[in-house]
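Visitor: One structure, as structure tokens, below. Some questions next.
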Amino acid sequence: MKSRAAMLKIFSTTPLLLLGFLPFMKEQFAWQYELDGVPARFGSRYELIVFVLIPVAIGWGCYFWVARGERGGMQKNGRFVMSLATVIVFLLQALVIWILFAGMGSNTSFPESGITITTNFTLYFVGILLLVYGNQLPRASFKSAFGFKNVWSISNEKTWIYSQKLVGILCMACGMIIILLNLLLPINNFAVILLVPIGVFVLGSYLLSYIAYVKTNA
């Protein structure tokens, strides 16, 4: 656990070093691209500060969240949360480095293949993230800081256990759907590939937790 905490601290702090490259970036460069590689929005180099602070906030936020839960004896998924946060922070840091090099270069366009690869990678990552998250949900202890919570799922421990199992299955199913749609559909269907399964997961999770509440309190 200590090694995971140390790794998370390192990956959550090193993005701040990238701010030293800020003076060497162009004043204005493309921050967003269409799927065909054409720049969609140009912005200031100082927007990089926001991108740097995001992994810092996520990493240190997760660290203190887990530490507080463990002190109270309620956090049983600390290792998983630490590992997941480290992966997310690492990927965000890679994205920041990519943006940094784009801002220091002279080209304002981005190859269409690069956009496609990045978008596909993002969709695969979201799908895998849902698979891992759903797999861990049934292991979340009652009143833990980790788990799917709403007014029904936290009503009692029996409902909590049942709802986490149902929501976990739905979460893994939606993650697999994102991966399969990403394989079968063209990348210009990005909104359908991502938003439809996410919408099903959000709405279905509340429905399943209510069903669990009704069944366990019948």
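Note on naming: chains are A, B, ... as they come in the structure tokens, residues start from 1 per chain, ligands start from 1 in the order shown.
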Which neighbours of A:Thr122 fall inside 12 Å, counting only C-alpha atoms, when residues of the same chain fewer than 5 positions from it are skipped, and could you give them as a list in words?
Guide: Ile88, Leu91, Leu92, Leu95, Ile115, Thr116, Ile117, Gly127, Ile128, Leu129, Ile178, Ile179, Asn182, Ile187, Phe190, Ile193 and Leu194 of chain A
Visitor: Neighbours of stretch 202-212 of chain A within 8 Å (only C-alpha atoms; same-chain residues fewer than 3 positions away dropped), as a VMD selection string?
Guide: chain A and resid 150 152 to 153 159 162 to 164 166 to 167 170 198 to 199 215 to 216
Visitor: Between atom CA of A:Gln28 and atom CA of A:Leu53, what is the distance, to one decimal in Å?
Guide: 19.9 Å
Visitor: For atom CA of A:Phe42 and atom CA of A:Phe24, quote the distance in Å rounded to one decimal.
Guide: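 Taking atom CA of A:Phe42 as the start and atom CA of A:Phe24 as the end point, the length is 17.1 Å.
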Visitor: Rank A:Val96, A:Leu181, A:Ala191, A:Met82 by their smallest atom-to-atom distance to A:Glu47, using only C-alpha atoms, and report the top residue only.
Guide: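 With only C-alpha atoms as the atom set, the closest residue is A:Val96.
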Visitor: Tell me, in Å to one decimal, how far atom CA of A:Ser141 is from atom CA of A:Cys62.
Guide: 17.6 Å
Visitor: Restricting the calculation to only C-alpha atoms: of A:Val192, A:Leu180, A:Ala67, A:Ile97, which residue gets closest to A:Leu17?
Guide: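 Comparing A:Val192, A:Leu180, A:Ala67, A:Ile97 against A:Leu17, the winner is A:Ile97.
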Visitor: With distances taken over only C-alpha atoms, which residue among A:Val200, A:Leu18, A:Met172, A:Val81 lies nearest A:Val50?
Guide: A:Leu18
Visitor: Find the residue from A:Arg68, A:Ile169, A:Met176, A:Ala94 that sits nearest to A:Val126; use only C-alpha atoms when measuring.
Guide: A:Met176
Visitor: Quick one: everything within 8 Å of stretch 8-10 of chain A, counting only C-alpha atoms, minus sequence neighbours fewer than 4 positions away in the same chain. Send it as a list in words.
Guide: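 Listed by chain and then number, they are Arg4, Thr14, Gly59, Trp60, Tyr63, Met82, Ser83, Ala85 and Thr86 of chain A.
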Visitor: Considering only C-alpha atoms, state which residue in the set A:Lys143, A:Val89, A:Ser155, A:Tyr133 is at the smallest distance from A:Ala173.
Guide: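 Closest to A:Ala173 of all the choices is A:Tyr133.
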Visitor: Can you work out which one of A:Trp160, A:Ser44, A:Leu130, A:Gly168 has the shortest atom-to-atom distance to A:Ser144, counting only C-alpha atoms?
Guide: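 Closest to A:Ser144, using only C-alpha atoms: A:Trp160.
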